[in-house]
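> File my_file-v4.txt below, compact mmCIF, C-alpha atoms:
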# COMPACT_ATOMS: atom_id res chain seq x y z
CA MET A 1 16.17 33.70 2.47
CA LEU A 2 17.13 30.54 4.35
CA THR A 3 18.07 27.59 2.25
CA VAL A 4 16.21 24.30 2.28
CA VAL A 5 17.24 21.81 4.99
CA ALA A 6 20.77 20.74 4.12
CA MET A 7 21.08 16.99 3.51
CA ASP A 8 23.97 15.10 2.02
CA GLN A 9 23.02 13.50 -1.29
CA HIS A 10 22.54 9.84 -0.44
CA LYS A 11 24.38 7.38 -2.67
CA TYR A 12 23.14 3.83 -2.52
CA HIS A 13 24.97 1.40 -0.28
CA HIS A 14 25.64 -2.22 -1.05
CA PRO A 15 23.77 -4.74 1.14
CA ASN A 16 27.03 -5.84 2.75
CA SER A 17 28.17 -2.32 3.59
CA SER A 18 28.31 -1.02 7.16
CA HIS A 19 25.51 1.43 6.30
CA HIS A 20 23.23 -1.43 5.27
CA LYS A 21 24.00 -3.41 8.41
CA LYS A 22 23.19 -0.39 10.59
CA ARG A 23 19.92 0.11 8.73
CA GLN A 24 19.05 -3.53 9.18
CA SER A 25 19.57 -3.28 12.93
CA ALA A 26 16.87 -0.61 13.08
CA TYR A 27 14.42 -3.29 12.04
CA GLN A 28 15.58 -6.14 14.24
CA ARG A 29 16.69 -4.33 17.35
CA GLU A 30 16.59 -7.24 19.75
CA GLY A 31 18.51 -9.76 17.67
CA ASP A 32 17.97 -13.43 18.39
CA ASP A 33 15.56 -12.79 21.25
CA GLY A 34 13.12 -11.42 18.70
CA GLU A 35 13.21 -14.65 16.73
CA ARG A 36 11.28 -16.44 19.46
CA GLY A 37 8.34 -14.15 18.80
CA HIS A 38 7.71 -13.25 22.46
CA TYR A 39 6.99 -9.59 23.10
CA LYS A 40 7.08 -8.64 26.74
CA SER A 41 5.41 -5.31 27.37
CA LYS A 42 5.15 -3.82 30.82
CA HIS A 43 1.86 -2.22 29.73
CA PHE A 44 0.05 -4.92 27.81
CA LYS A 45 0.13 -8.70 27.97
CA PRO A 46 -2.38 -10.18 25.51
CA SER A 47 -4.83 -12.54 27.19
CA HIS A 48 -8.40 -13.41 26.37
CA HIS A 49 -9.41 -13.05 30.02
CA GLN A 50 -7.40 -9.99 31.01
CA GLN A 51 -8.84 -7.43 33.40
CA TYR A 52 -8.06 -3.89 32.26
CA HIS A 53 -7.27 -1.01 34.57
CA SER A 54 -6.81 2.60 33.57
CA GLY A 55 -3.70 4.52 34.61
CA SER A 56 -0.34 3.46 33.23
CA ASN A 57 -1.88 0.70 31.12
CA PRO A 58 -2.68 1.76 27.52
CA VAL A 59 -5.69 -0.59 27.48
CA SER A 60 -8.76 0.01 29.61
CA SER A 61 -12.38 -1.07 29.46
CA ARG A 62 -12.94 2.04 27.34
CA GLY A 63 -10.33 1.23 24.73
CA LEU A 64 -6.68 1.85 23.89
CA SER A 65 -4.98 5.02 25.12
CA THR A 66 -3.15 7.22 22.63
CA ARG A 67 -1.14 9.09 25.28
CA ARG A 68 2.44 9.28 24.01
CA GLU A 69 4.16 8.78 27.34
CA LEU A 70 2.72 5.25 27.62
CA TYR A 71 4.67 4.19 24.53
CA GLU A 72 8.09 5.61 25.42
CA ARG A 73 9.79 2.27 25.97
CA ASP A 74 12.29 0.14 24.04
CA PHE A 75 11.84 -0.01 20.30
CA PRO A 76 9.93 -3.23 19.50
CA VAL A 77 11.40 -5.94 17.30
CA TYR A 78 10.61 -5.16 13.66
CA LYS A 79 12.02 -7.68 11.23
CA GLN A 80 13.60 -6.51 8.00
CA PRO A 81 10.66 -6.38 5.55
CA VAL A 82 10.89 -8.94 2.72
CA GLU A 83 9.19 -8.38 -0.62
CA VAL A 84 7.15 -11.51 -1.42
CA GLY A 85 5.67 -10.12 -4.63
CA SER A 86 4.27 -7.12 -6.45
CA PHE A 87 1.41 -6.16 -8.73
CA SER A 88 0.37 -3.44 -11.14
CA LEU A 89 -2.82 -1.47 -11.78
CA ASP A 90 -3.26 -0.14 -15.31
CA SER A 91 -4.86 3.05 -16.67
CA ARG A 92 -8.31 1.51 -16.06
CA ARG A 93 -7.41 0.24 -12.58
CA ARG A 94 -7.23 -3.38 -13.76
CA PHE A 95 -5.07 -5.76 -11.68
CA PHE A 96 -2.00 -7.50 -13.16
CA ASN A 97 0.16 -9.91 -11.18
CA ASP A 98 3.40 -8.40 -12.52
CA ALA A 99 5.65 -5.31 -12.43
CA ARG A 100 4.58 -3.66 -15.70
CA GLN A 101 3.93 -0.32 -13.97
CA LEU A 102 7.31 -0.14 -12.20
CA ARG A 103 9.24 3.01 -13.14
CA TYR A 104 12.90 4.02 -12.86
CA TYR A 105 14.25 7.08 -11.08
CA VAL A 106 16.19 9.63 -13.14
CA GLU A 107 18.05 12.12 -10.95
CA PRO A 108 17.22 15.72 -11.91
CA ASP A 109 19.58 18.70 -12.15
CA LYS A 110 20.49 20.58 -8.97
CA GLU A 111 18.19 23.45 -10.04
CA PRO A 112 15.41 21.59 -11.86
CA ASN A 113 12.83 24.35 -12.50
CA PHE A 114 9.99 21.82 -12.93
CA ASP A 115 6.60 23.47 -13.55
CA LEU A 116 4.18 21.24 -11.62
CA ARG A 117 1.12 23.04 -13.04
CA ASP A 118 1.91 21.92 -16.58
CA GLY A 119 -0.73 19.54 -17.99
CA TYR A 120 -3.24 19.93 -15.15
CA LYS A 121 -5.94 21.32 -17.44
CA ASP A 122 -5.38 19.13 -20.52
CA ARG A 123 -3.22 16.05 -19.75
CA PHE A 124 -4.62 14.70 -16.48
CA ILE A 125 -6.80 11.63 -15.89
CA LYS A 126 -7.77 11.53 -12.21
CA ARG A 127 -8.73 8.37 -10.38
CA ASP A 128 -12.24 8.46 -8.97
CA ASP A 129 -11.48 8.57 -5.25
CA SER A 130 -15.14 8.15 -4.34
CA VAL A 131 -14.79 4.49 -5.41
CA LYS A 132 -13.66 2.53 -2.35
CA GLU A 133 -11.55 -0.48 -3.40
CA LYS A 134 -11.05 -1.73 0.16
CA LEU A 135 -8.55 -4.65 0.17
CA ASP A 136 -9.64 -6.06 -3.19
CA HIS A 137 -6.32 -5.63 -5.05
CA ILE A 138 -4.30 -7.23 -2.23
CA LEU A 139 -6.82 -10.09 -2.08
CA ARG A 140 -6.40 -10.68 -5.83
CA TRP A 141 -2.65 -10.84 -5.29
CA ILE A 142 -3.11 -13.36 -2.44
CA LEU A 143 -5.25 -15.66 -4.60
CA ALA A 144 -2.68 -15.51 -7.41
CA ASN A 145 0.19 -16.28 -5.00
CA ARG A 146 -1.26 -18.74 -2.50
CA SER A 147 1.81 -21.00 -2.68
CA LYS A 148 3.92 -18.23 -1.11
CA LEU A 149 1.58 -17.85 1.86
CA SER A 150 0.15 -21.29 2.72
CA SER A 151 0.40 -22.19 6.37
CA LYS A 152 3.56 -24.23 6.93
CA SER A 153 2.48 -25.21 10.41
CA ALA A 154 0.86 -28.65 10.49
CA GLU A 155 -0.93 -27.89 13.75
CA ASN A 156 -2.39 -24.61 12.49
CA LYS A 157 -4.84 -25.98 9.92
CA SER A 158 -7.37 -23.24 10.78
CA CYS A 159 -5.04 -20.53 9.40
CA ALA A 160 -5.39 -20.30 5.63
CA LEU A 161 -2.49 -17.84 5.34
CA ASP A 162 0.73 -17.88 7.34
CA VAL A 163 0.13 -14.32 8.61
CA ASP A 164 -1.80 -12.61 11.41
CA PHE A 165 -2.74 -9.39 9.59
CA VAL A 166 -3.46 -8.39 5.98
CA THR A 167 -3.80 -4.67 5.20
CA TRP A 168 -2.55 -1.70 3.19
CA ARG A 169 0.66 0.06 4.20
CA GLY A 170 -1.30 3.33 4.37
CA HIS A 171 -3.50 1.96 7.16
CA LEU A 172 -0.41 1.03 9.20
CA THR A 173 1.05 4.49 8.52
CA LYS A 174 -2.05 6.01 10.13
CA LEU A 175 -1.51 3.83 13.18
CA LEU A 176 2.15 4.85 13.50
CA THR A 177 1.28 8.55 13.41
CA THR A 178 -1.81 8.35 15.69
CA PRO A 179 -0.10 9.42 18.96
CA TYR A 180 0.85 12.68 17.19
CA GLU A 181 -2.30 13.19 15.10
CA ALA A 182 -4.21 16.19 16.44
CA ARG A 183 -6.45 16.98 13.46
CA GLU A 184 -7.83 13.88 11.72
CA GLY A 185 -9.57 10.84 13.12
CA TRP A 186 -9.88 7.44 11.44
CA LEU A 187 -12.07 4.35 11.22
CA LEU A 188 -10.57 0.90 10.67
CA ALA A 189 -12.81 -2.10 10.02
CA VAL A 190 -11.37 -5.45 11.13
CA THR A 191 -12.69 -8.92 10.40
CA ARG A 192 -11.28 -12.34 11.27
CA PHE A 193 -11.45 -14.99 8.54
CA ARG A 194 -9.75 -18.38 8.75
CA ASP A 195 -7.61 -17.09 11.62
CA THR A 196 -6.19 -14.09 9.75
CA LEU A 197 -7.22 -10.54 10.64
CA TYR A 198 -8.01 -8.20 7.75
CA ILE A 199 -7.87 -4.43 8.32
CA SER A 200 -9.62 -2.06 5.89
CA GLU A 201 -10.17 1.67 6.28
CA VAL A 202 -13.65 3.21 6.34
CA GLU A 203 -13.98 6.84 5.25
CA THR A 204 -14.98 9.10 8.14
CA GLU A 205 -17.75 11.65 7.70
CA ALA A 206 -15.19 14.44 8.13
CA ALA A 207 -12.97 12.95 5.40
CA ARG A 208 -15.95 12.56 3.07
CA ARG A 209 -16.93 16.20 3.56
CA GLU A 210 -13.34 17.30 2.97
CA ARG A 211 -13.15 15.22 -0.23
CA GLU A 212 -16.44 16.58 -1.58
CA ASN A 213 -15.60 20.21 -0.77
CA ARG A 214 -11.99 20.57 -1.88
CA THR A 215 -11.05 23.93 -3.35
CA GLY A 216 -9.70 24.19 -6.89
CA ARG A 217 -6.30 25.11 -5.47
CA HIS A 218 -6.29 22.00 -3.25
CA GLU A 219 -7.22 19.74 -6.20
CA GLU A 220 -4.42 21.24 -8.29
CA MET A 221 -1.86 20.87 -5.50
CA MET A 222 -2.74 17.18 -5.23
CA TYR A 223 -1.84 16.89 -8.92
CA TRP A 224 1.56 18.48 -8.31
CA GLY A 225 2.89 15.40 -6.52
CA TYR A 226 2.03 13.15 -9.47
CA LYS A 227 3.51 15.66 -11.90
CA PHE A 228 6.82 15.63 -9.98
CA GLU A 229 6.90 11.85 -10.46
CA GLN A 230 6.45 12.36 -14.20
CA TYR A 231 9.48 14.70 -14.32
CA THR A 232 11.71 12.20 -12.46
CA CYS A 233 10.57 8.72 -13.60
CA ALA A 234 11.21 6.76 -16.79
CA ASP A 235 9.32 3.70 -18.04
CA THR A 236 12.49 1.69 -18.70
CA VAL A 237 16.08 1.59 -17.41
CA HIS A 238 17.44 3.27 -20.54
CA SER A 239 14.65 5.76 -21.34
CA SER A 240 14.10 9.32 -20.12
CA PRO A 241 11.15 10.90 -18.31
CA ASP A 242 8.34 12.22 -20.54
CA PRO A 243 6.87 15.33 -18.87
CA GLY A 244 4.80 16.00 -21.99
CA GLY A 245 2.74 12.84 -21.48
CA VAL A 246 -0.57 12.29 -19.67
CA VAL A 247 -0.65 11.95 -15.88
CA ASN A 248 -3.05 9.11 -15.08
CA THR A 249 -3.47 8.47 -11.34
CA ASN A 250 -5.24 5.15 -11.93
CA GLU A 251 -1.87 3.59 -12.74
CA ALA A 252 0.13 2.12 -9.87
CA PHE A 253 2.90 -0.32 -9.01
CA CYS A 254 2.57 -1.94 -5.58
CA THR A 255 5.00 -3.98 -3.53
CA VAL A 256 3.74 -6.75 -1.22
CA VAL A 257 5.90 -7.27 1.85
CA GLN A 258 5.98 -9.66 4.78
CA THR A 259 7.47 -8.77 8.12
CA ARG A 260 6.91 -9.13 11.85
CA LEU A 261 6.32 -6.47 14.50
CA ALA A 262 6.95 -8.16 17.88
CA ASP A 263 4.72 -11.26 17.63
CA HIS A 264 2.46 -9.87 14.88
CA ARG A 265 3.09 -11.42 11.46
CA LEU A 266 2.18 -8.81 8.84
CA LEU A 267 1.42 -8.97 5.13
CA PHE A 268 0.78 -5.58 3.58
CA SER A 269 0.99 -3.79 0.26
CA GLY A 270 1.88 -0.24 -0.63
CA GLU A 271 2.32 1.81 -3.77
CA VAL A 272 5.92 2.38 -4.89
CA ASP A 273 6.85 5.44 -6.96
CA CYS A 274 10.01 4.10 -8.61
CA ARG A 275 13.22 2.15 -8.19
CA ASP A 276 16.93 2.89 -8.50
CA LYS A 277 18.01 2.14 -12.09
CA ASP A 278 21.58 1.28 -11.05
CA PRO A 279 22.11 -2.41 -11.98
CA ASN A 280 24.23 -2.80 -8.81
CA ALA A 281 21.47 -1.50 -6.52
CA PRO A 282 20.25 -3.96 -3.86
CA GLY A 283 17.11 -5.97 -4.47
CA PRO A 284 13.65 -4.77 -3.47
CA PRO A 285 12.45 -3.19 -1.28
CA ALA A 286 15.90 -1.60 -0.67
CA CYS A 287 16.09 -0.31 -4.27
CA TYR A 288 12.78 1.55 -4.06
CA ILE A 289 12.50 5.34 -3.80
CA GLU A 290 9.62 7.42 -2.47
CA LEU A 291 9.01 10.76 -4.22
CA LYS A 292 7.49 13.77 -2.45
CA THR A 293 6.92 17.47 -2.97
CA SER A 294 6.87 20.14 -0.27
CA ALA A 295 6.84 23.91 -0.02
CA GLU A 296 10.34 25.39 0.04
CA ILE A 297 11.58 26.23 3.52
CA CYS A 298 12.21 29.95 4.05
CA THR A 299 11.94 30.49 7.83
CA PRO A 300 12.95 28.64 11.02
CA LYS A 301 9.24 28.11 11.83
CA GLN A 302 8.70 26.44 8.45
CA ARG A 303 11.71 24.22 9.04
CA SER A 304 10.39 23.22 12.47
CA ASN A 305 6.95 22.38 11.04
CA PHE A 306 8.58 20.37 8.26
CA HIS A 307 10.51 18.32 10.82
CA ARG A 308 7.54 17.82 13.16
CA PHE A 309 4.76 17.04 10.68
CA LYS A 310 5.98 16.23 7.17
CA LEU A 311 8.97 14.10 8.18
CA LEU A 312 6.83 12.06 10.58
CA LYS A 313 4.56 10.92 7.73
CA TRP A 314 7.44 10.44 5.31
CA TRP A 315 9.37 8.35 7.82
CA ALA A 316 6.40 6.17 8.80
CA GLN A 317 5.34 5.53 5.22
CA SER A 318 8.80 4.42 4.08
CA PHE A 319 10.12 2.73 7.22
CA LEU A 320 7.25 0.21 7.25
CA PRO A 321 8.03 -1.45 3.87
CA GLY A 322 11.80 -0.91 4.11
CA VAL A 323 12.07 1.83 1.46
CA PRO A 324 15.42 3.47 2.30
CA ARG A 325 15.09 7.00 0.92
CA VAL A 326 12.71 9.81 0.07
CA VAL A 327 13.55 12.25 -2.73
CA ALA A 328 11.76 15.56 -2.17
CA GLY A 329 11.14 18.34 -4.67
CA PHE A 330 10.84 21.70 -2.90
CA ARG A 331 8.47 24.05 -4.75
CA ASP A 332 7.66 27.73 -4.65
CA HIS A 333 4.14 29.16 -4.22
CA ASP A 334 3.49 28.91 -7.96
CA GLY A 335 4.25 25.19 -8.08
CA VAL A 336 7.74 25.34 -9.58
CA VAL A 337 10.29 22.90 -8.12
CA VAL A 338 13.42 24.92 -7.30
CA SER A 339 15.51 22.26 -5.53
CA VAL A 340 15.62 18.52 -4.86
CA GLU A 341 16.88 16.87 -1.67
CA THR A 342 17.38 13.24 -0.67
CA PHE A 343 16.35 12.10 2.82
CA PRO A 344 17.72 8.70 3.91
CA ILE A 345 15.07 7.17 6.18
CA SER A 346 17.78 5.99 8.60
CA LYS A 347 18.88 9.61 9.18
CA ILE A 348 15.49 11.25 9.73
CA SER A 349 15.45 10.50 13.47
CA HIS A 350 18.82 12.33 13.80
CA LEU A 351 17.47 15.26 11.81
CA ILE A 352 14.62 15.85 14.29
CA LYS A 353 16.42 15.19 17.56
CA ASN A 354 16.98 18.88 18.33
CA GLU A 355 13.29 19.76 17.86
CA GLN A 356 11.41 20.34 21.12
CA ASN A 357 8.40 18.07 21.76
CA CYS A 358 9.03 16.27 18.50
CA TRP A 359 7.79 12.83 17.50
CA LYS A 360 9.68 9.67 18.42
CA PRO A 361 9.93 6.56 16.23
CA THR A 362 9.72 4.29 19.29
CA VAL A 363 6.36 5.82 20.33
CA CYS A 364 5.00 5.28 16.81
CA MET A 365 6.05 1.64 16.63
CA ASN A 366 5.01 0.74 20.17
CA PHE A 367 1.57 2.26 19.68
CA CYS A 368 1.10 0.31 16.43
CA CYS A 369 2.25 -2.87 18.17
CA ASP A 370 -0.15 -2.38 21.09
CA PHE A 371 -3.00 -1.57 18.74
CA LEU A 372 -2.45 -4.84 16.88
CA SER A 373 -2.39 -6.70 20.22
CA PHE A 374 -5.63 -4.93 21.19
CA VAL A 375 -7.20 -5.99 17.88
CA LYS A 376 -6.05 -9.60 18.27
CA GLN A 377 -7.60 -9.81 21.68
CA THR A 378 -10.81 -8.00 20.73
CA VAL A 379 -11.66 -9.56 17.36
CA THR A 380 -12.47 -13.08 18.49
CA GLU A 381 -15.30 -14.21 16.18
CA ASP A 382 -13.95 -15.91 13.06
CA ASP A 383 -16.74 -14.75 10.77
CA PRO A 384 -16.38 -12.30 7.84
CA SER A 385 -19.97 -11.09 8.33
CA VAL A 386 -18.87 -9.75 11.73
CA VAL A 387 -16.88 -6.52 11.61
CA TYR A 388 -15.24 -4.75 14.55
CA LEU A 389 -15.03 -1.03 13.78
CA PHE A 390 -12.11 0.69 15.56
CA SER A 391 -12.43 4.44 15.88
CA TYR A 392 -9.98 7.23 16.72
CA GLU A 393 -10.72 10.89 17.34
CA PRO A 394 -7.84 13.26 18.20
CA HIS A 395 -6.95 13.35 21.91
CA ARG A 396 -9.26 10.40 22.64
CA ASP A 397 -8.77 6.69 23.26
CA VAL A 398 -9.21 4.23 20.41
CA THR A 399 -12.61 2.57 20.88
CA TYR A 400 -14.52 -0.06 18.92
CA SER A 401 -18.04 -1.22 18.07
CA LEU A 402 -19.27 -4.57 16.74
CA HIS A 403 -21.39 -4.89 13.57
CA ARG A 404 -23.11 -8.00 12.17
CA ASP A 405 -24.23 -8.30 8.53
CA SER A 406 -23.69 -4.57 8.08
CA GLN A 407 -22.49 -2.22 5.36
CA TYR A 408 -19.03 -2.48 6.96
CA SER A 409 -18.45 -6.08 5.77
CA PHE A 410 -15.65 -5.88 3.21
CA LEU A 411 -14.29 -9.32 2.29
CA PRO A 412 -15.74 -10.16 -1.16
CA GLN A 413 -17.56 -13.43 -1.80
CA TRP A 414 -15.15 -14.45 -4.57
CA TYR A 415 -12.22 -14.26 -2.16
CA MET A 416 -13.85 -16.15 0.71
CA GLU A 417 -15.10 -18.93 -1.60
CA GLU A 418 -11.69 -19.45 -3.19
CA ILE A 419 -9.82 -19.45 0.13
CA THR A 420 -12.34 -21.89 1.62
CA ARG A 421 -12.29 -24.17 -1.42
CA SER A 422 -8.50 -24.33 -1.68
CA GLN A 423 -8.04 -24.77 2.08
CA ASP A 424 -10.63 -27.55 2.26
CA SER A 425 -9.09 -29.38 -0.68
CA HIS A 426 -5.62 -28.91 0.86
CA SER A 427 -6.74 -30.37 4.21
CA GLN A 428 -8.28 -33.40 2.46
CA SER A 429 -5.17 -34.20 0.47
Hey, can you dump this file as structure tokens for me?


Amino acid sequence: MLTVVAMDQHKYHHPNSSHHKKRQSAYQREGDDGERGHYKSKHFKPSHHQQYHSGSNPVSSRGLSTRRELYERDFPVYKQPVEVGSFSLDSRRRFFNDARQLRYYVEPDKEPNFDLRDGYKDRFIKRDDSVKEKLDHILRWILANRSKLSSKSAENKSCALDVDFVTWRGHLTKLLTTPYEAREGWLLAVTRFRDTLYISEVETEAARRERENRTGRHEEMMYWGYKFEQYTCADTVHSSPDPGGVVNTNEAFCTVVQTRLADHRLLFSGEVDCRDKDPNAPGPPACYIELKTSAEICTPKQRSNFHRFKLLKWWAQSFLPGVPRVVAGFRDHDGVVVSVETFPISKISHLIKNEQNCWKPTVCMNFCCDFLSFVKQTVTEDDPSVVYLFSYEPHRDVTYSLHRDSQYSFLPQWYMEEITRSQDSHSQS
């Protein structure tokens, strides 16, 4: 039997170390030029009156191309993500503007023998995933932390927040992986309100059918990932994991980060599994750790598939918020974790470079960047009752449709009223 992909166990590096500086350069590849916020693309120059032509240009009158070769250019400027806050969701999915749900990573033994099936039948409270929360939790965080986001620009009074886009990290992850996504489509609703663009996912019909028709085995395997977290996370720095407790998937700790991709200022939130408990670890998000489970790798074909599909999603999900490492539990067919490996995000691109026709980080980031430019240019009406629905089906262009006063509207009244009230009072003072 072949062993699992060999990786050196990643010890954490101090922010001033050479490793940290190399990792930082992956985010801000173009140095001081990037600070000016100008992104020159040979394929797409945003303009409200641009004429589109098909061919080498990703954008046409039909939509945005997803052909990979159009995005094989220099890696775009991506500023080091900065955590501007965090929030917690409790066992009843209630929002708290604090870090009460943050957990601490406890490194397991080399041969852990974790039974991921344990507790599935009797110690599992599953979140109702038919309830669509949209952006509501992020919006609650924004209202509680307005002072961190108010527009500093005197001339930009129309912009309530000092960002171009507000969304979930998971929505951006889908964009990064789109040029390589051959099975699942997506729908992203976008609305412009007070000069900020809000992006919220809409469940596709195919995804709804899949959710409503999952097999018992599929449901149990979804639990396994949460159970692995329970084996490796403690509630406090000095406590130990409690695998005998209840797994409640309503609970979550989320980071909120600000960054910039080319000239797109982003504010997004994503769930964080745990943090390094070492008191000398760097500050967030560099102290955070993503936990994953995967089937153990026994053949060269399985290793190739792991590199081409799993590592793409793991890289995209963690690179976006600046989470530096993924800890993976490799399990057998019966759901028993037999080994644990650490994957530094900065080394994943080296790990895949010998794979034929494999994914490229630069294609992922350039597609995301061009999509955001496409959205900026398309979503012109500043009206939350107007929603532009962007649609992707595998091997097709990204297209969009416009909807007024429809079921796709997603910004809640309580959020719009508070933003309007506070911005109006601010402009009068």

> Sorted by chain and rising residue number, list the residues of stretch 242-293 of chain A at most 9 Å from stretch 367-389 of chain A (counting all atoms listed in the file), each with its closest atom pair and distance in Å to one decimal, as JSON lines.


{"residue": "A:Leu261", "atom": "CA", "partner": "A:Cys369", "partner_atom": "CA", "distance": 6.6}
{"residue": "A:Ala262", "atom": "CA", "partner": "A:Cys369", "partner_atom": "CA", "distance": 7.1}
{"residue": "A:Asp263", "atom": "CA", "partner": "A:Cys369", "partner_atom": "CA", "distance": 8.8}
{"residue": "A:His264", "atom": "CA", "partner": "A:Leu372", "partner_atom": "CA", "distance": 7.3}

> Looking at only C-alpha atoms, which of A:Phe114, A:Cys287, A:Val237, A:Tyr71 is the one that sits closest to A:Trp359?

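Under the stated criterion, the closest residue is A:Tyr71.
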
> A:Ala99: which residues within 9 Å, counting only C-alpha atoms, same-chain residues fewer than 4 positions away excluded, as JSON, numbers by chain?

{"A": [86, 87, 88, 253, 254]}

> Find the spatial neighbours of A:Glu418, counting only C-alpha atoms, within a cut-off of 8 Å - ignore same-chain residues fewer than 4 positions away - and output them as a list in words.

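The neighbour list is Leu143, Trp414 and Ser422 of chain A.
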
> Calculate how many Å separate atom CA of A:Pro81 from atom CA of A:Asp273, rounding to one decimal.

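About the pair atom CA of A:Pro81 and atom CA of A:Asp273: they are 17.6 Å apart.
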
> Given only C-alpha atoms, how would the per-residue table for stretch 94-162 of chain A near stretch 218-233 of chain A read, listing every residue at most 6 Å away with its closest atom pair and distance in Å to one decimal, sorted by chain and number, as CSV?


residue,atom,partner,partner_atom,distance
A:Arg103,CA,A:Cys233,CA,5.9
A:Tyr104,CA,A:Cys233,CA,5.3
A:Tyr105,CA,A:Cys233,CA,4.8
A:Val106,CA,A:Thr232,CA,5.2
A:Leu116,CA,A:Trp224,CA,5.0

> From the set A:Gly170, A:Pro243, A:Pro300, A:Gly322, which residue has the shortest atom-to-atom contact distance to A:Pro284, counting all atoms listed in the file?

A:Gly322

> Excluding A:Pro279 and residues on its chain fewer than 3 positions from it, collect all residues at most 12 Å away from it, counting all atoms listed in the file, and give them as a ChimeraX atom specification.

/A:12,14,104,237-238,275-276,282-283,287

> May I have the residues from that selection written out with C-alpha atoms, as an mmCIF file, keeping the file's coordinate frame?


data_model
loop_
_atom_site.group_PDB
_atom_site.id
_atom_site.type_symbol
_atom_site.label_atom_id
_atom_site.label_comp_id
_atom_site.auth_asym_id
_atom_site.auth_seq_id
_atom_site.Cartn_x
_atom_site.Cartn_y
_atom_site.Cartn_z
ATOM 1 C CA TYR A 12 23.140 3.830 -2.520
ATOM 2 C CA HIS A 14 25.640 -2.220 -1.050
ATOM 3 C CA TYR A 104 12.900 4.020 -12.860
ATOM 4 C CA VAL A 237 16.080 1.590 -17.410
ATOM 5 C CA HIS A 238 17.440 3.270 -20.540
ATOM 6 C CA ARG A 275 13.220 2.150 -8.190
ATOM 7 C CA ASP A 276 16.930 2.890 -8.500
ATOM 8 C CA PRO A 282 20.250 -3.960 -3.860
ATOM 9 C CA GLY A 283 17.110 -5.970 -4.470
ATOM 10 C CA CYS A 287 16.090 -0.310 -4.270
#

> Considering only C-alpha atoms, can you say which of A:Cys298, A:Val398, A:Gly216, A:Thr177 comes closest to A:Trp315?

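Closest candidate: A:Thr177.
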
> For the atom pair atom CA of A:Tyr408 and atom CA of A:Leu197, what is the interatomic distance in Å to one decimal place?

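So the two atoms, atom CA of A:Tyr408 and atom CA of A:Leu197, lie 14.8 Å apart.
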
> Would you mind reading off the distance between atom CA of A:Phe75 and atom CA of A:Lys347, one decimal, in Å?

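Those two atoms sit 16.3 Å apart.
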
> As an MDAnalysis selection string, please: the residues near A:Pro179 (cut-off 8 Å, all atoms listed in the file, same-chain neighbours under 3 positions excluded).

chainID A and resid 66:68 176 363:364 367

> Would you save the residues from that selection as a tab-separated table (two decimals), in the frame of the given file, using C-alpha atoms?


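The new file again.tsv reads:
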chain	number	residue	atom	x	y	z
A	66	THR	CA	-3.15	7.22	22.63
A	67	ARG	CA	-1.14	9.09	25.28
A	68	ARG	CA	2.44	9.28	24.01
A	176	LEU	CA	2.15	4.85	13.50
A	363	VAL	CA	6.36	5.82	20.33
A	364	CYS	CA	5.00	5.28	16.81
A	367	PHE	CA	1.57	2.26	19.68

> Rank A:Asn357, A:Gln80, A:Ser91, A:Asn145 by their smallest atom-to-atom distance to A:Val323, using only C-alpha atoms, and report the top residue only.

A:Gln80

> Kindly indicate which residue among A:Phe268, A:Phe309, A:Tyr198, A:Tyr415 lies nearest to A:Glu181, using all atoms listed in the file for the distances.

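Among the listed residues, the smallest separation from A:Glu181 belongs to A:Phe309.
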
> With distances taken over only C-alpha atoms, which of A:Val59, A:Asp122, A:Val77, A:Ala160 is nearest to A:Thr420?

A:Ala160

> Which residues are near A:Glu83? Cut-off 10 Å, all atoms listed in the file, ignore same chain within fewer than 5 positions. Put them as a VMD selection string.

chain A and resid 255 to 259 267 to 269 283 to 286 321 to 322
